[in-house]
Every structure is written in structure tokens, then in C-alpha cells.
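**Student:** The structure under discussion is supplied below as C-alpha cells; questions concerning it will follow.
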Amino acid sequence: MRLDLLLGELPGLAEALAAVDAFDQALAGGLLRPQPAQAAGLAALADAVAASPLADRVAEAAGKAAAGVADEEHLTALAAARTALLGAVHDALLARVDEATGRTRDDAEAFVPGETPSPNLLTAARAWLCDLARAGWRGMDHELVSAAAPVVSALLSDPALRRPALLLDGFAAELAASCPGRTLDRIPLRRWADLWTRGMLLTRPGALTAPAATPVSGRLLPLGVDVHEHATAVQAQVHAVLEPADGGPSRLVRASVSAPKPDTVVGAGLWQLLRPHLSLLAAAGDGRAVELTGMPVTGEGDLLWSDEHARPGEQTDVFATARVALPAVTGGPAAPLDRHPARIAEPVLVEGYTVERDGEALVLASAAGRLTVDASRVPAASPLTAQAVAASGACIGLLRWDCGEFRLQPLAVRTTVRNKAASVQAGAWAGGTSDKNAAKAEKAAADAVAALHERAGRLLRR
Amino acid sequence: MPVWEESSLSRVVPPARPRKLAKVPFVELAEGRLQGVVSSGSDISRVYVSSVAAGSFGLVCRTNNNRPCGGLRGGLCNHILALTGEAVLQYGGGRVARYLQTDTADADPAAQQITQAIGAGRPQQADDGAAVAGQVFARFLRHLTYLELPATTAPVPEMHWFPAVGAVA
């Protein structure tokens, strides 16, 4: 991999992010009675998209917002402008990744608006987001934030609305923990503007699409497991190489499983919520391939998993997969609306480095360049520790980008212990574990769920 | 501007810590209160809905049939003590004390220091106790519904904004 390419500057990146930051500052103060500095921030966003098809609508929206009279359409136009800018940043970053890895990537299919399930519910969600934008992060209070609860509950009850439901649930919980806004001594400006923007677009009629899926058969070789969680939801994504049975080129694919959860189920307790729905988790944990027959896959490379299309395959080694299969894979494109730097998670193999310390962070250093390790993303319930990374000679990870730089999220490392090579995987406990502490934590989480079930049985059905 | 503010993935809320739920099945810091549900020691179908308001320390403790808790007269009842104890397990003493605005000298106080600080403030029963108890109980029932929601294998790209919380976060 050409690490040097990941370190180089991207033309236009700083300008695009400056416009995003200017808007994010304006949003923090609320758009009810904007100050001159906020008006300037809104104008900066409009200027940045002045040469795009959005230009007129965003210029009008910025003007109305600066006057404190922005309606939902205007706020949507501003969200669209911010999304377009970060979409362009995403495209430039991903092109750089492809250059560095020498990977080819399929083109994205054109966006086709989807059907709109529960339009009234989505309208209610947008109304809450608009109220939030008017109050701003500094003006929000408990009453405003807890108004999201009935909307989120209703969204959660419709499986077709799971995406906005999990997004707004996690977002509202963060805001609630940070209320009242006037007492905040620092604000996660980029993050909250990201989540607000995403909410505005995802609840727009037509934005939620059921991507076209085609059945695929072949051998699936897992590379590692990536875990996402907030207080009341968890998702695991298994990154893998698919070798199609028809002899076509190998593809990078993902299989996902997500579940809402009570907030006290965390750490090792999470796996039991996901395990029954994705047999691939156990296969990835045990280092086995999986044979697929007619499994639906989207153009972006997302397998829409159901166990009936999968059966266990032979034993494999993730590092053999990464060395042999990864160099020749084709990557999947991001869906048009999903283009954002935070979505970049590109599996790579890095070898031949020495591990250096830079403050608390670990850096993989070689003649080709330096890559900082983001060990904070490895789940706590995992045998893959910072110490294992520090002692490693090869690492499979996800290339990610945040705070202006690429970082590597480790999925697996190879270490040499007493002249014997051993690999340690972040998702090693996905299918179950013999580790004493992890098994104890799983048992405790199962007890917690049982206790809540008992309470629900007595109190819910009255 | 510091890097934290320019990150899409800044950690805002530390994760809850696991705890046993048999005695206190629900605790949260929300709506300006430490609030939750405490199982009755004597009747398995009864729970107490308890809360302490941030700043004013207004107290509420009522059964799920909306009868006032007898222990609340003249001080903190055992339910509020149990609630505070479990909140400290789940969120850490520092976060509970900051949320309640208790004046504890310790940055990471124990539950007992927090309840002493509440008691020193001569807390009164909240005027809107019945309404608060109703809201908290509704939020508990809402929390229980998370057990019933099915898992899905359709990808949720939005969850990339919520990375797993590592041991070295």
C-alpha cells in the first residue's frame, strides 16, 4: 500500500471543511434570532455550493435563515448543501484510498427515490429537527430534547424506519445528557451538525430506499468484525471477500446485523443479541469460510443476510485471505446519499512496519510512511488490545478518516510469540468465548435481560 | 478550534457500566432529574417510582399505583438511596454529582457522599410528584419495549457515527 499517498494534501479539502465549519458554528447558536456572525456562516455555506445545481435554493435558504425566518424547506436546503460538500470530501478521500491500495471500485447506481413509509411520522421527526435548529445547541433544553421520545418510539416500531430510528435515538440521548445547552463548556460542533443533517435528509420523503439486491453464490472469506453501539442500539458488520462461484472477480462485501437494546447491556453482553441472526459472526470468530447460495447482495456490497443462504465452509486464515485475496478485490461504491467521510471503512493489510508511540497513540511506521492506529474503536470485549497491536508485525484494519487524517482501526493483528505466529482478532468472541471474564460478562448481561423480561412480564401487560 | 469540535466521532456520553438489575431495574439521568424504578422488597408486583431533581433536589417516591412512599417523610427513603447507589454504579459518581449539581468536594464521589449532599440541602417533596411519577413510569415502560424490538440484517450506515467503545477510549 502507498501510505505516502494517504499523507498528502487534498486540493480544496480545507476550503470545503471551512464552509462546513462556518455553517456548524451558525447552527450552534440557533437560527431563531441569528447574529451577524451566524449570517456570515450561512453565506459561506451558500458560496461553497454556488457553482452547483443547488446554488439558487441554498442562497435563498441562507438569506431566510439569516433573517430568522427559515422554514422546513429552507433548513432542508441548507442540510443538502452541507451533505453535498461532505459528499465531495468523501469522494476525494476514497479516490485517494483507491490510489493508495491500487483498488478498483464499481460505480454507484443512480439514485432512485424510494417509497415513503409513514409520511406523518417522518414529518413529525423533521419538525423536531427544525425546532432543534432554531434553538441551536446553546439554546436547547430538556423539554425540547425529550419531545423526541414519542417520535423515536414510533419510528422504532416500524422496521422499515430502522435507519432514522437508530440515528435519532442515539442523537437525542446525547443531547439529553448535554442539557441544558447554555451550560455546555464545549460543543461537538461537527458531530452534532452531522447527525442533524443526516436526520433532515433521511426523514425526507423518498430518501429511504430499498436498494436493488441480486442473488450471489460463492465462497465468503471473513476479514474481521466492526462494532457500532450507542446506549440503546448495537450493530456488527463483518467485512469479507466474496469469491463468486461463476468465476467473476472477487468483491469486497459486508454483512450487518443490528438490534435495539436496553442501555445496561454493553461489552461482551452485546454479542448474544446479534449472534442468533448472523451465523457469519461465529464463522468470523472461529476463522471459517462460509459458502453462500443465492444470498442477496446490493450494488454497494451489502449482503442482506439470512442464514438459509449460508452454510459453514472450510477453516481459513484471515491473514492468508488478506495477502492472497485482498489485493485483487473490487470495492463497492457508497450509495449517493451515504457519501460522508465518517462512512469510509476500507479493509487493508499493513505489513513490514515498526510500532512507534506518539503520546498515547500507536503509529505503524515504515519506509512507505506512517499510519496512526485508532485502537479506541476496538470493542472493549475483545482479546485485541493496544498491547497486541504494539507487539504485532502485520495488521488487517479498516482505513478511516476523521479530524483531518487517515487512521487504521485494527480488525486483526499477527504477533510472534516464542517464534510461533499467532493472530488476534477484534471479533474473536463474536461466536462465543472460553475467556473467563468475557463469559462472566455475557452471563451477567443475560441475567440483566432476564430481570427486565421479568419486570416487563409483570408491569407491561396490565 | 480544537480538534474535538472538528471530529464527526467525538465521544460525548461515556457508556453505561453493567450492573445487576434485580433490585433497581431502571435508572436514568434525564429531564433534569435522577430518576428510576425500584422493585419493592415485599411485593413482587409492586415497584416504586423515585426521582431527585437536579439543583432543587425535589424528591418523588410513589408506587406504580401512585400511592406516596411512607419512607419519604422527613428525609430520603430507602428507594431513593438504592436508586442513587445504582446510578453511581451505572454512570459513575462524578457524572451523577455533576448532573444533580450536588456540592461534593470529591470529583468522583461515592453514593453515600451524594445522598449526604442531597440530605444537607433539606430536600422537599416535589409539588408535581404524581405527574413526575407518571412520566418516569412511562419512560421505564418505553425502555422495556427495547427488549421486544427485532434485530435486522439490513445495514444501518448511520451507526458508523457511533463506534464501539474500546478499552482505551
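Every chain in the C-alpha cells takes a letter, A first, then B, and so on in the order presented; its residues are numbered from 1, and the ligands are numbered from 1 following the presented order.
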Quick check: residues of chain B within 8 Å of chain A, only C-alpha atoms, returned as a PyMOL selection string.
**Tutor:** chain B and resi 3-10+12-13+15-22+25+29-32+45+90+141-144+146-147+149-169
**Student:** Mind checking DSSP for range 40-126 of chain B and telling me the strand (DSSP E or B) residues as a list in words?
**Tutor:**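 Secondary structure check on range 40-126 of chain B, strand (DSSP E or B): Val47, Tyr48, Val49, Ser50, Ser51, Val52, Ala53, Leu59, Val60, Cys61, Arg62, Thr63, Pro68 and Gln125 of chain B.
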**Student:** Could you give me, as a list in words, the residues within 9 Å of Gly331 in chain A, counting only C-alpha atoms and dropping anything in the same chain fewer than 2 positions from it?
**Tutor:**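 Once the adjacent positions are removed, what remains is Asp98, Arg103, Thr104, Arg105, Asp106, Arg251, Leu252, Val253, Glu300, Gly301, Val329, Pro333 and Glu346 of chain A.
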**Student:** Can you tell me, as number ranges by chain, what residues are no more than 10 Å from range 84-88 of chain B when counting only C-alpha atoms, ignoring any on the same chain fewer than 2 positions away?
**Tutor:** B: 16-17, 19-21, 23-29, 34-36, 38, 50-52, 78-82, 90-97, 108-112, 114-115
**Student:** Would you mind reading off the distance between CA of Ala388 in chain A and CA of Leu7 in chain A, one decimal, in Å?
**Tutor:** 25.1 Å
**Student:** Could you give me the residues within range 180-402 of chain A that DSSP places in alpha helix (DSSP H), as a count of residues only?
**Tutor:** 34
**Student:** Do you have the CA of Pro34 in chain A-CA of Arg182 in chain A distance handy?
**Tutor:**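 Straight-line distance from CA of Pro34 in chain A to CA of Arg182 in chain A works out to 16.0 Å.
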**Student:** Figure out the distance between CA of Gly369 in chain A and CA of Glu405 in chain A, please, to one decimal in Å.
**Tutor:**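 If I compute the distance from CA of Glu405 in chain A to CA of Gly369 in chain A, I get 13.3 Å.
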